[in-house]
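*Asks:* File name final_38.csv; file contents CSV, C-alpha atoms; full text below.
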chain,number,residue,atom,x,y,z
A,261,MET,CA,143.8,121.5,114.2
A,262,ILE,CA,141.6,118.4,114.3
A,263,LYS,CA,141.6,116.6,111.0
A,264,LEU,CA,138.1,115.7,109.7
A,265,ALA,CA,137.3,112.3,108.4
A,266,SER,CA,137.3,111.6,104.6
A,267,ARG,CA,133.8,110.2,104.9
A,268,LEU,CA,132.4,113.7,105.3
A,269,GLY,CA,133.2,114.2,101.7
A,270,ARG,CA,130.7,111.5,100.7
A,271,PHE,CA,127.6,113.6,101.6
A,272,GLN,CA,126.3,117.1,101.7
A,273,PRO,CA,124.2,119.1,104.1
A,274,SER,CA,120.4,118.8,103.5
A,275,ALA,CA,119.5,121.3,100.8
A,276,SER,CA,116.1,121.8,102.1
A,277,ARG,CA,117.4,122.6,105.6
A,278,VAL,CA,120.0,125.0,104.1
A,279,ALA,CA,117.3,126.8,102.1
A,280,SER,CA,115.1,127.1,105.2
A,281,GLN,CA,118.1,128.5,107.2
A,282,ARG,CA,118.8,131.0,104.4
A,283,ALA,CA,115.2,132.2,104.4
A,284,ALA,CA,115.2,132.4,108.2
A,285,ALA,CA,118.4,134.5,108.2
A,286,LEU,CA,116.9,137.0,105.8
A,287,LYS,CA,113.8,137.2,107.9
A,288,ALA,CA,115.9,137.9,111.0
A,289,GLN,CA,117.4,140.8,109.1
A,290,GLY,CA,113.9,142.3,108.6
A,291,ARG,CA,113.3,141.0,105.1
A,292,ASP,CA,109.7,140.0,104.2
A,293,ILE,CA,110.4,136.4,103.1
A,294,ILE,CA,107.8,133.7,102.6
A,295,ALA,CA,109.5,130.4,103.1
A,296,LEU,CA,108.1,127.5,101.1
A,297,THR,CA,111.0,125.3,102.1
A,298,ALA,CA,109.9,123.5,105.3
A,299,GLY,CA,109.1,119.8,105.1
A,300,GLU,CA,106.7,119.8,108.1
A,301,PRO,CA,103.1,120.6,108.7
A,302,ASP,CA,102.3,124.0,110.0
A,303,PHE,CA,99.6,122.6,112.3
A,304,ASP,CA,100.3,122.0,116.0
A,305,THR,CA,100.5,118.6,117.5
A,306,PRO,CA,97.0,117.6,118.5
A,307,GLU,CA,96.1,118.3,122.1
A,308,ASN,CA,95.3,114.7,123.1
A,309,ILE,CA,98.8,113.7,122.0
A,310,LYS,CA,100.5,116.4,124.0
A,311,GLN,CA,98.5,115.5,127.1
A,312,ALA,CA,99.5,111.9,126.8
A,313,ALA,CA,103.1,113.1,127.0
A,314,VAL,CA,102.3,115.2,130.1
A,315,ARG,CA,100.7,112.1,131.8
A,316,ALA,CA,103.7,110.0,130.9
A,317,MET,CA,106.0,112.5,132.6
A,318,ALA,CA,103.7,112.6,135.7
A,319,ARG,CA,103.9,108.8,135.9
A,320,GLY,CA,107.7,109.0,135.9
A,321,GLU,CA,108.2,107.5,132.4
A,322,THR,CA,111.4,109.4,132.0
A,323,LYS,CA,114.0,106.6,132.1
A,324,TYR,CA,115.7,104.4,129.5
A,325,THR,CA,113.4,102.2,127.5
A,326,ASP,CA,114.1,99.1,125.4
A,327,THR,CA,116.5,100.1,122.6
A,328,ASP,CA,114.1,99.9,119.7
A,329,GLY,CA,110.8,100.8,121.3
A,330,THR,CA,108.6,100.2,124.3
A,331,PRO,CA,106.2,97.2,124.3
A,332,GLU,CA,103.3,99.6,124.4
A,333,LEU,CA,104.4,101.5,121.3
A,334,LYS,CA,105.3,98.3,119.4
A,335,GLN,CA,101.8,97.0,120.2
A,336,ALA,CA,100.4,100.3,118.8
A,337,VAL,CA,102.5,100.1,115.7
A,338,ALA,CA,101.5,96.5,115.1
A,339,ALA,CA,97.8,97.4,115.5
A,340,LYS,CA,98.3,100.3,113.0
A,341,PHE,CA,99.9,98.1,110.4
A,342,ARG,CA,97.1,95.5,110.8
A,343,ARG,CA,94.3,98.1,110.8
A,344,GLU,CA,95.4,100.4,108.0
A,345,ASN,CA,97.7,98.2,105.8
A,346,GLY,CA,96.6,94.7,106.3
A,347,LEU,CA,100.1,93.7,107.5
A,348,GLU,CA,100.8,91.4,110.4
A,349,TYR,CA,104.0,92.1,112.4
A,350,ALA,CA,104.9,90.6,115.8
A,351,ALA,CA,106.8,92.8,118.4
A,352,ASP,CA,110.2,91.4,117.3
A,353,GLN,CA,109.4,92.5,113.8
A,354,ILE,CA,109.0,96.1,114.7
A,355,SER,CA,111.7,98.8,115.2
A,356,VAL,CA,111.2,102.3,116.6
A,357,GLY,CA,113.9,104.9,116.1
A,358,ASN,CA,114.6,108.6,116.5
A,359,GLY,CA,112.6,109.6,113.4
A,360,GLY,CA,112.2,107.8,110.1
A,361,LYS,CA,115.7,108.9,109.0
A,362,GLN,CA,117.3,106.9,111.7
A,363,VAL,CA,115.2,103.9,110.9
A,364,LEU,CA,116.3,104.1,107.2
A,365,LEU,CA,120.0,104.5,108.1
A,366,ASN,CA,119.9,101.7,110.7
A,367,ALA,CA,118.6,99.4,107.9
A,368,LEU,CA,121.2,100.5,105.4
A,369,MET,CA,124.0,100.2,108.0
A,370,ALA,CA,122.8,96.7,108.9
A,371,THR,CA,122.7,95.4,105.3
A,372,LEU,CA,125.1,97.2,103.0
A,373,ASP,CA,128.7,96.2,102.3
A,374,PRO,CA,131.0,98.6,100.4
A,375,GLY,CA,129.8,99.1,96.8
A,376,ASP,CA,126.4,97.5,97.3
A,377,GLU,CA,123.8,99.3,95.2
A,378,VAL,CA,120.6,100.9,96.2
A,379,ILE,CA,118.1,102.0,93.5
A,380,ILE,CA,116.6,105.5,94.3
A,381,PRO,CA,113.9,106.8,92.0
A,382,ALA,CA,114.6,110.5,91.0
A,383,PRO,CA,113.3,113.0,92.1
A,384,TYR,CA,114.1,111.8,95.6
A,385,TRP,CA,114.2,113.1,99.1
A,386,VAL,CA,117.5,114.8,99.6
A,387,SER,CA,118.7,112.4,102.3
A,388,TYR,CA,118.4,109.1,100.5
A,389,PRO,CA,121.6,109.2,98.5
A,390,ASP,CA,123.7,110.5,101.4
A,391,LEU,CA,122.3,107.9,103.8
A,392,VAL,CA,123.3,105.2,101.3
A,393,ARG,CA,126.8,106.7,101.0
A,394,LEU,CA,127.2,107.0,104.7
A,395,ALA,CA,126.6,103.2,104.9
A,396,GLU,CA,129.3,102.8,102.2
A,397,GLY,CA,126.7,101.8,99.5
A,398,ALA,CA,126.4,103.2,96.0
A,399,PRO,CA,123.2,105.0,95.0
A,400,VAL,CA,121.8,104.2,91.6
A,401,PHE,CA,119.3,106.7,90.3
A,402,ALA,CA,116.3,105.7,88.2
A,403,ARG,CA,114.8,108.8,86.4
A,404,CYS,CA,111.1,109.4,86.8
A,405,PRO,CA,110.3,112.4,84.6
A,406,GLN,CA,107.2,114.6,84.8
A,407,ASN,CA,105.6,113.0,81.7
A,408,HIS,CA,105.5,109.8,83.7
A,409,GLY,CA,103.9,111.6,86.6
A,410,TYR,CA,107.3,111.5,88.4
A,411,LYS,CA,106.7,107.7,88.9
A,412,LEU,CA,109.1,104.8,88.5
A,413,MET,CA,108.2,102.8,85.4
A,414,PRO,CA,108.6,98.9,85.6
A,415,GLU,CA,111.0,98.9,82.6
A,416,VAL,CA,113.2,101.6,84.2
A,417,LEU,CA,113.3,99.6,87.5
A,418,GLU,CA,114.2,96.4,85.5
A,419,ALA,CA,117.1,98.2,83.7
A,420,ALA,CA,118.5,99.6,87.0
A,421,ILE,CA,118.8,96.2,88.7
A,422,THR,CA,122.3,94.5,88.7
A,423,ALA,CA,123.9,91.7,90.6
A,424,ARG,CA,125.0,94.3,93.2
A,425,THR,CA,121.6,95.7,93.9
A,426,ARG,CA,120.5,95.2,97.5
A,427,TRP,CA,117.6,97.6,97.9
A,428,LEU,CA,115.0,99.7,96.1
A,429,ILE,CA,113.9,102.7,98.2
A,430,LEU,CA,110.3,103.6,97.3
A,431,ASN,CA,108.6,106.8,98.7
A,432,SER,CA,104.9,107.2,98.1
A,433,PRO,CA,103.4,109.8,98.3
A,434,ASN,CA,106.7,111.3,97.2
A,435,ASN,CA,108.8,114.1,98.5
A,436,PRO,CA,109.4,116.3,96.5
A,437,SER,CA,106.9,115.6,93.7
A,438,GLY,CA,103.8,114.4,95.5
A,439,ALA,CA,103.5,111.4,93.2
A,440,ALA,CA,101.5,108.6,94.7
A,441,TYR,CA,101.3,105.0,93.2
A,442,GLY,CA,97.9,103.4,92.7
A,443,ARG,CA,97.6,99.7,93.3
A,444,THR,CA,98.0,98.7,89.7
A,445,GLU,CA,101.1,100.8,89.3
A,446,MET,CA,102.5,99.4,92.5
A,447,LYS,CA,101.8,95.8,91.4
A,448,ALA,CA,103.7,96.4,88.2
A,449,LEU,CA,106.8,97.3,90.2
A,450,THR,CA,106.4,94.4,92.7
A,451,ASP,CA,106.1,92.0,89.7
A,452,VAL,CA,109.6,93.2,88.6
A,453,LEU,CA,111.0,92.6,92.1
A,454,LEU,CA,109.5,89.1,92.3
A,455,ARG,CA,111.9,88.3,89.4
A,456,HIS,CA,114.9,89.4,91.3
A,457,PRO,CA,115.0,87.6,94.7
A,458,HIS,CA,118.2,89.3,95.8
A,459,VAL,CA,116.6,92.8,95.8
A,460,ALA,CA,114.7,94.0,98.9
A,461,VAL,CA,112.4,97.0,99.0
A,462,MET,CA,112.5,99.7,101.7
A,463,THR,CA,109.4,101.8,101.7
A,464,ASP,CA,109.0,105.4,103.0
A,465,ASP,CA,105.3,105.8,103.8
A,466,MET,CA,105.6,109.0,105.8
A,467,TYR,CA,102.9,110.8,103.8
A,468,GLU,CA,100.5,107.9,103.8
A,469,HIS,CA,97.5,109.9,105.1
A,470,ILE,CA,98.1,113.0,103.0
A,471,LEU,CA,96.4,111.9,99.7
A,472,TYR,CA,94.0,113.7,97.4
A,473,ASP,CA,91.2,113.1,94.9
A,474,GLY,CA,90.1,109.7,96.3
A,475,GLN,CA,93.6,108.2,95.9
A,476,GLU,CA,93.9,105.1,98.0
A,477,PHE,CA,97.2,104.4,99.7
A,478,CYS,CA,99.0,101.1,99.1
A,479,THR,CA,102.4,99.7,100.2
A,480,PRO,CA,104.4,97.0,98.5
A,481,ALA,CA,104.2,94.2,101.1
A,482,ALA,CA,100.4,94.5,101.2
A,483,VAL,CA,100.1,94.6,97.4
A,484,GLU,CA,102.4,91.6,96.9
A,485,PRO,CA,102.6,89.2,99.9
A,486,GLY,CA,105.4,87.4,98.1
A,487,LEU,CA,107.6,90.3,99.0
A,488,TYR,CA,106.7,90.3,102.7
A,489,ASP,CA,110.0,88.7,103.8
A,490,ARG,CA,112.1,91.2,101.9
A,491,THR,CA,110.3,94.4,102.6
A,492,LEU,CA,111.0,97.0,105.3
A,493,THR,CA,107.8,99.1,105.7
A,494,VAL,CA,108.9,102.4,107.2
A,495,ASN,CA,106.6,105.1,108.6
A,496,GLY,CA,106.3,107.5,111.5
A,497,VAL,CA,104.2,110.1,113.3
A,498,SER,CA,106.0,113.2,112.0
A,499,LYS,CA,103.8,114.2,109.0
A,500,THR,CA,100.5,112.6,109.8
A,501,TYR,CA,100.2,114.0,113.4
A,502,ALA,CA,102.4,117.1,113.0
A,503,MET,CA,105.0,115.6,115.4
A,504,THR,CA,108.2,116.4,113.5
A,505,GLY,CA,110.0,117.6,116.7
A,506,TRP,CA,109.0,114.5,118.7
A,507,ARG,CA,111.4,112.3,116.6
A,508,ILE,CA,109.5,109.0,116.3
A,509,GLY,CA,109.8,106.7,113.2
A,510,TYR,CA,109.1,103.1,113.0
A,511,ALA,CA,109.2,100.1,110.7
A,512,GLY,CA,108.0,96.5,110.3
A,513,GLY,CA,110.1,93.9,108.6
A,514,PRO,CA,111.9,90.5,108.8
A,515,ARG,CA,113.1,89.5,112.3
A,516,GLY,CA,116.8,89.2,111.3
A,517,LEU,CA,116.8,92.6,109.8
A,518,ILE,CA,115.0,94.2,112.8
A,519,LYS,CA,117.5,92.6,115.2
A,520,GLY,CA,120.4,93.9,113.1
A,521,MET,CA,118.9,97.4,113.1
A,522,ALA,CA,118.5,97.3,116.9
A,523,LYS,CA,122.2,96.4,117.2
A,524,VAL,CA,123.1,99.5,115.2
A,525,GLN,CA,120.8,101.7,117.2
A,526,MET,CA,122.1,100.3,120.5
A,527,GLN,CA,125.6,101.6,119.7
A,528,THR,CA,124.5,105.0,118.3
A,529,THR,CA,121.5,106.7,120.0
A,530,SER,CA,120.0,103.9,122.1
A,531,ASN,CA,116.3,104.3,122.7
A,532,PRO,CA,114.0,107.1,121.4
A,533,SER,CA,112.7,109.6,123.9
A,534,SER,CA,110.5,107.8,126.5
A,535,VAL,CA,108.0,110.7,126.6
A,536,SER,CA,107.8,110.9,122.8
A,537,GLN,CA,107.1,107.2,122.6
A,538,ALA,CA,104.2,107.6,125.0
A,539,ALA,CA,102.8,110.5,122.8
A,540,ALA,CA,103.2,108.3,119.7
A,541,VAL,CA,101.1,105.5,121.4
A,542,GLU,CA,98.2,108.0,121.7
A,543,ALA,CA,98.8,109.3,118.2
A,544,LEU,CA,98.3,105.8,116.7
A,545,ASN,CA,95.6,104.6,119.1
A,546,GLY,CA,93.7,107.8,119.6
A,547,PRO,CA,91.1,109.6,117.5
A,548,GLN,CA,92.0,110.0,113.8
A,549,ASP,CA,89.4,112.6,112.6
A,550,ILE,CA,91.9,115.4,112.7
A,551,VAL,CA,94.2,113.6,110.3
A,552,ARG,CA,91.5,113.6,107.6
A,553,ALA,CA,90.5,117.2,108.3
A,554,ARG,CA,94.1,118.4,107.9
A,555,ALA,CA,94.5,116.4,104.7
A,556,GLU,CA,91.5,118.3,103.3
A,557,GLU,CA,93.1,121.6,104.2
A,558,PHE,CA,96.3,120.6,102.4
A,559,ARG,CA,94.2,119.7,99.4
A,560,LYS,CA,92.7,123.2,99.2
A,561,ARG,CA,96.2,124.7,99.4
A,562,ARG,CA,97.4,122.3,96.7
A,563,ASP,CA,94.6,123.4,94.3
A,564,ALA,CA,95.3,127.0,94.9
A,565,ALA,CA,99.1,126.7,94.5
A,566,VAL,CA,98.9,124.6,91.3
A,567,GLU,CA,96.5,127.0,89.7
A,568,LEU,CA,98.6,130.1,90.6
A,569,LEU,CA,101.9,128.6,89.6
A,570,ASN,CA,100.6,127.5,86.2
A,571,ARG,CA,99.8,131.1,85.5
A,572,ALA,CA,103.4,132.1,86.0
A,573,PRO,CA,105.3,132.6,82.7
A,574,GLY,CA,107.8,129.7,82.1
A,575,ILE,CA,106.4,127.5,84.9
A,576,ALA,CA,104.7,124.2,84.5
A,577,CYS,CA,103.3,122.7,87.7
A,578,HIS,CA,102.2,119.0,87.8
A,579,LYS,CA,99.3,118.4,90.2
A,580,PRO,CA,100.6,116.4,93.1
A,581,GLU,CA,98.5,113.4,94.2
A,582,GLY,CA,99.7,113.5,97.8
A,583,ALA,CA,102.1,115.0,100.4
A,584,PHE,CA,102.3,118.8,100.8
A,585,TYR,CA,104.8,119.6,98.1
A,586,ALA,CA,104.7,120.7,94.5
A,587,TYR,CA,107.6,120.2,92.1
A,588,PRO,CA,107.1,122.6,89.2
A,589,SER,CA,109.4,122.8,86.1
A,590,CYS,CA,111.1,126.1,85.6
A,591,ALA,CA,112.4,125.2,82.2
A,592,GLY,CA,110.8,128.3,80.7
A,593,ALA,CA,112.9,130.5,82.9
A,594,ILE,CA,116.2,129.0,82.0
A,595,GLY,CA,118.3,131.3,79.7
A,596,LYS,CA,116.4,134.4,80.6
A,597,ARG,CA,117.7,137.4,82.6
A,598,THR,CA,116.6,139.0,85.8
A,599,PRO,CA,115.8,142.8,85.9
A,600,ASP,CA,119.4,143.5,87.0
A,601,GLY,CA,120.8,141.5,84.1
A,602,LYS,CA,121.8,138.1,85.7
A,603,GLU,CA,121.2,135.1,83.5
A,604,ILE,CA,119.2,132.2,84.9
A,605,LYS,CA,121.4,129.3,84.0
A,606,SER,CA,120.0,126.7,86.4
A,607,ASP,CA,117.2,125.9,88.8
A,608,GLU,CA,119.5,127.0,91.6
A,609,ASP,CA,119.9,130.4,90.0
A,610,PHE,CA,116.1,130.5,89.7
A,611,THR,CA,115.5,129.8,93.4
A,612,ASN,CA,118.2,132.3,94.3
A,613,TYR,CA,116.3,134.9,92.2
A,614,LEU,CA,113.0,133.9,93.9
A,615,LEU,CA,114.7,134.5,97.3
A,616,GLU,CA,115.6,138.0,96.2
A,617,MET,CA,112.0,138.5,95.3
A,618,GLY,CA,110.8,137.4,98.8
A,619,VAL,CA,110.1,133.6,98.3
A,620,GLY,CA,112.2,130.7,99.7
A,621,ALA,CA,112.1,127.5,97.6
A,622,VAL,CA,114.5,124.6,97.1
A,623,HIS,CA,116.2,124.0,93.7
A,624,GLY,CA,115.4,120.8,91.9
A,625,ALA,CA,119.0,119.6,91.4
A,626,ALA,CA,119.1,118.8,95.2
A,627,TYR,CA,116.3,116.2,94.5
A,628,GLY,CA,118.1,114.7,91.4
A,629,MET,CA,116.0,116.3,88.7
A,630,SER,CA,116.3,119.7,86.9
A,631,PRO,CA,115.2,122.2,86.0
A,632,ASN,CA,112.6,122.2,88.8
A,633,PHE,CA,112.0,123.6,92.2
A,634,ARG,CA,110.2,122.3,95.3
A,635,ILE,CA,107.7,124.3,97.2
A,636,SER,CA,105.9,123.2,100.4
A,637,PHE,CA,102.3,124.3,100.9
A,638,ALA,CA,102.4,123.7,104.6
A,639,LEU,CA,101.6,127.3,105.5
A,640,SER,CA,98.5,129.4,105.7
A,641,MET,CA,96.4,129.9,102.6
A,642,GLU,CA,97.0,133.7,102.8
A,643,ARG,CA,100.8,133.4,102.8
A,644,LEU,CA,100.8,130.6,100.2
A,645,VAL,CA,98.7,132.7,97.7
A,646,GLU,CA,100.9,135.7,98.3
A,647,ALA,CA,104.1,133.6,97.7
A,648,CYS,CA,102.7,132.3,94.4
A,649,LYS,CA,101.8,135.8,93.3
A,650,ARG,CA,105.3,136.8,94.0
A,651,ILE,CA,106.6,133.9,91.9
A,652,GLN,CA,104.2,135.1,89.1
A,653,ARG,CA,105.6,138.6,89.3
A,654,ALA,CA,109.2,137.3,89.4
A,655,CYS,CA,108.7,135.2,86.3
A,656,ALA,CA,106.9,138.0,84.5
A,657,ALA,CA,109.9,140.3,85.1
A,658,LEU,CA,112.4,137.9,83.4
A,659,ARG,CA,113.5,138.9,79.9
Is it possible to give me this structure as structure tokens?
*Replies:*
Amino acid sequence: MIKLASRLGRFQPSASRVASQRAAALKAQGRDIIALTAGEPDFDTPENIKQAAVRAMARGETKYTDTDGTPELKQAVAAKFRRENGLEYAADQISVGNGGKQVLLNALMATLDPGDEVIIPAPYWVSYPDLVRLAEGAPVFARCPQNHGYKLMPEVLEAAITARTRWLILNSPNNPSGAAYGRTEMKALTDVLLRHPHVAVMTDDMYEHILYDGQEFCTPAAVEPGLYDRTLTVNGVSKTYAMTGWRIGYAGGPRGLIKGMAKVQMQTTSNPSSVSQAAAVEALNGPQDIVRARAEEFRKRRDAAVELLNRAPGIACHKPEGAFYAYPSCAGAIGKRTPDGKEIKSDEDFTNYLLEMGVGAVHGAAYGMSPNFRISFALSMERLVEACKRIQRACAALR
């Protein structure tokens, strides 16, 4: 028998992927399951982007590329940062990886020594703590409750910082809550960071273009230029352009850090797919109208989901400001019993019950805050409405 490494005990499989796989397995058995678990747009990759990949293959662009991105893609990323965020990055300040997750891990591997601390606002994307642990760091959780809009308060950030703190990971709009920081809110956080020069900030801006109700996107290095030299601004094409399977993430940051990240990537995966990089160039440089149109469709779904969920007994759903998730509280269901007599003791019990009732969701404990659950509204309006009605019926059946 091959002995497995002890490091595997530091982290867990992705809860959202596990929930999606459970729902898929039941579907395969013939069950009518509506999965609200997937963290990806249900739209197809735009045709102009797919055709750019076809042309790249026809030109023979199927060989190795530079480790952390082709010159063409780095140029497109630099232009995007300049155009949309007011940030200036040269080619040697840009890193391209196999999805945003690799970019984040590269940065953590390049900067953390054992025991170094990384502040992670909770609720958080399920992968952040495990990426930190994989790099031998220590995640430090900063609680962001619903009555604060699921947002990090300056005083909470201040209290979490120690001499061992290396990074703050900030995700806006947020997965799982949909919380998005306005400029004033972001400035309050950057003011705290200015007082602690040993702390860097790693942004996760993947949902930048999925914002609602006139909310304007902002990112720390643009809000506070004094943090430019200690900010890694991470983004990608997965959510904005429905390119999750193409696996392209990117970041802009200090030259020394970018060089270190390239060194890590060189000895792990080497370059991202050459064809995917060509497609990403078209995504960033090409027409952007479809991005706005799809964000509006997500808004309509959000409004429908929030209204329906708030009608479910025991559910309180905060209206998300961005992304395509809602993160309702199910506190009113805890302690009740299902029709077959099972007690709902936790949000995981609650999502297991929902699955029995034909709806796949992810329990809130996986995101660091309970009792909640996450739903994705990246599916058709018809199926979303039916899923929410099933949740209403499931909650009404509790006693």
*Asks:* What does the structure give for the distance between CA of Ala572 (chain A) and CA of Gln652 (chain A), in Å to one decimal?
*Replies:* 4.4 Å
*Asks:* Expressed in Å to a single decimal, how great is the separation between CA of Gly513 (chain A) and CA of Glu581 (chain A)?
*Replies:*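 Those two atoms sit 26.9 Å apart.
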*Asks:* Taking all atoms listed in the file into account, name the residue in A:Val497, A:Leu644, A:Val278, A:Leu449 that is nearest to Pro480 (chain A).
*Replies:*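 The closest residue to Pro480 (chain A) is A:Leu449.
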*Asks:* Using all atoms listed in the file, which protein or nucleic acid residues come within 6 Å of Gly438 (chain A)? Drop anything in the same chain fewer than 5 positions from it, and give the result as a list in words.
*Replies:*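 Those residues are Pro433, Pro580, Glu581, Gly582, Ala583 and Tyr585 of chain A.
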*Asks:* Calculate how many Å separate CA of Phe303 (chain A) from CA of Arg277 (chain A), rounding to one decimal.
*Replies:* 19.0 Å
*Asks:* Using all atoms listed in the file, which residues of region 473-589 of chain A come within 12 Å of region 377-395 of chain A, and what is the closest atom pair for each, with the distance in Å to one decimal? Give it as CSV, sorted by chain and residue number.
*Replies:*
residue,atom,partner,partner_atom,distance
A:Val524,CA,A:Ala395,CA,11.5
A:Tyr585,CA,A:Trp385,CA,11.5
A:Ala586,CA,A:Pro383,CA,11.8
A:Tyr587,CA,A:Pro383,CA,9.2
A:Pro588,CA,A:Pro383,CA,11.8
*Asks:* From the options A:Lys447, A:His623, A:Arg270, A:Arg650, which residue's atoms come nearest to Ala398 (chain A), counting only C-alpha atoms?
*Replies:*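 Going through A:Lys447, A:His623, A:Arg270, A:Arg650 one by one, the smallest distance to Ala398 (chain A) is for A:Arg270.
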*Asks:* Check the smallest atom-to-atom distance from each of A:Cys655, A:Leu487, A:Ala440, A:Ile354 to Asp465 (chain A) using all atoms listed in the file, then report the winner.
*Replies:*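 Of A:Cys655, A:Leu487, A:Ala440, A:Ile354, the one nearest Asp465 (chain A) is A:Ala440, counting all atoms listed in the file.
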*Asks:* Write out as a PyMOL selection string each polymer residue whose atoms come within 12 Å of Leu453 (chain A), counting only C-alpha atoms; drop sequence neighbours fewer than 3 positions from it.
*Replies:* chain A and resi 379+414-415+417-422+425-428+446-450+456-461+480-481+484-488+490-491
*Asks:* Taking into account only C-alpha atoms, which residue in the set A:Leu544, A:Gly357, A:Gly496, A:Val645 is nearest to Met526 (chain A)?
*Replies:* A:Gly357
*Asks:* Show me, as a list in words, the residues that have an atom within 9 Å of Gly520 (chain A) when counting only C-alpha atoms, minus same-chain residues fewer than 3 positions from it.
*Replies:*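 Result of the neighbour search: Asn366, Ala367, Met369, Ala370, Thr371, Arg515, Gly516, Leu517, Lys523, Val524 and Gln525 of chain A.
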*Asks:* Which residue, A:Ala402, A:Lys605, A:Arg443, A:Ala338, has the smallest gap to Ala482 (chain A) when you use all atoms listed in the file?
*Replies:*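 Of all the options, A:Arg443 lies closest to Ala482 (chain A).
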*Asks:* Choose the residue, out of A:Gly359, A:Gly574, A:Pro532, A:Gly397, that has the smallest atom-to-atom separation from Gly329 (chain A); count all atoms listed in the file.
*Replies:*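 Closest residue, counting all atoms listed in the file: A:Pro532.
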*Asks:* Taking all atoms of region 461-465 of chain A that the file lists and extending 3 Å past them on each side, where is the centre of the axis-aligned box and how long are its edges? Answer in Å to one decimal, as AutoDock Vina command-line options.
*Replies:*
--center_x 108.9 --center_y 101.4 --center_z 101.4 --size_x 13.2 --size_y 14.8 --size_z 10.8
*Asks:* Skipping near chain neighbours, those fewer than 4 positions away, what residues fall within 10 Å of Ala295 (chain A) using all atoms listed in the file, listed as a list in words?
*Replies:* Ala279, Ser280, Gln281, Arg282, Ala283, Ala284, Lys287, Leu615, Gly618, Val619, Gly620, Ala621, Val622, Ile635, Ser636, Phe637, Ala638, Leu639, Arg643, Leu644 and Ala647 of chain A
*Asks:* Is it possible to get the residues within 9 Å of (100.9, 96.1, 105.1) (coordinates as in the file, counting all atoms listed in the file) written as a ChimeraX atom specification?
*Replies:* /A:341-349,478-483,485,488,493,512
*Asks:* Using C-alpha atoms, can you write the selected residues to a file as a PDB file, in the frame of the given file?
*Replies:*
ATOM      1  CA  PHE A 341      99.900  98.100 110.400  1.00  0.00           C
ATOM      2  CA  ARG A 342      97.100  95.500 110.800  1.00  0.00           C
ATOM      3  CA  ARG A 343      94.300  98.100 110.800  1.00  0.00           C
ATOM      4  CA  GLU A 344      95.400 100.400 108.000  1.00  0.00           C
ATOM      5  CA  ASN A 345      97.700  98.200 105.800  1.00  0.00           C
ATOM      6  CA  GLY A 346      96.600  94.700 106.300  1.00  0.00           C
ATOM      7  CA  LEU A 347     100.100  93.700 107.500  1.00  0.00           C
ATOM      8  CA  GLU A 348     100.800  91.400 110.400  1.00  0.00           C
ATOM      9  CA  TYR A 349     104.000  92.100 112.400  1.00  0.00           C
ATOM     10  CA  CYS A 478      99.000 101.100  99.100  1.00  0.00           C
ATOM     11  CA  THR A 479     102.400  99.700 100.200  1.00  0.00           C
ATOM     12  CA  PRO A 480     104.400  97.000  98.500  1.00  0.00           C
ATOM     13  CA  ALA A 481     104.200  94.200 101.100  1.00  0.00           C
ATOM     14  CA  ALA A 482     100.400  94.500 101.200  1.00  0.00           C
ATOM     15  CA  VAL A 483     100.100  94.600  97.400  1.00  0.00           C
ATOM     16  CA  PRO A 485     102.600  89.200  99.900  1.00  0.00           C
ATOM     17  CA  TYR A 488     106.700  90.300 102.700  1.00  0.00           C
ATOM     18  CA  THR A 493     107.800  99.100 105.700  1.00  0.00           C
ATOM     19  CA  GLY A 512     108.000  96.500 110.300  1.00  0.00           C
TER      20      GLY A 512
END
*Asks:* Which neighbours of Glu542 (chain A) fall inside 8 Å, counting all atoms listed in the file, when residues of the same chain fewer than 6 positions from it are skipped, and could you give them as a compact mmCIF listing (two decimals) with C-alpha atoms, in the frame of the given file?
*Replies:*
# COMPACT_ATOMS: atom_id res chain seq x y z
CA ASN A 308 95.30 114.70 123.10
CA ILE A 309 98.80 113.70 122.00
CA ALA A 312 99.50 111.90 126.80
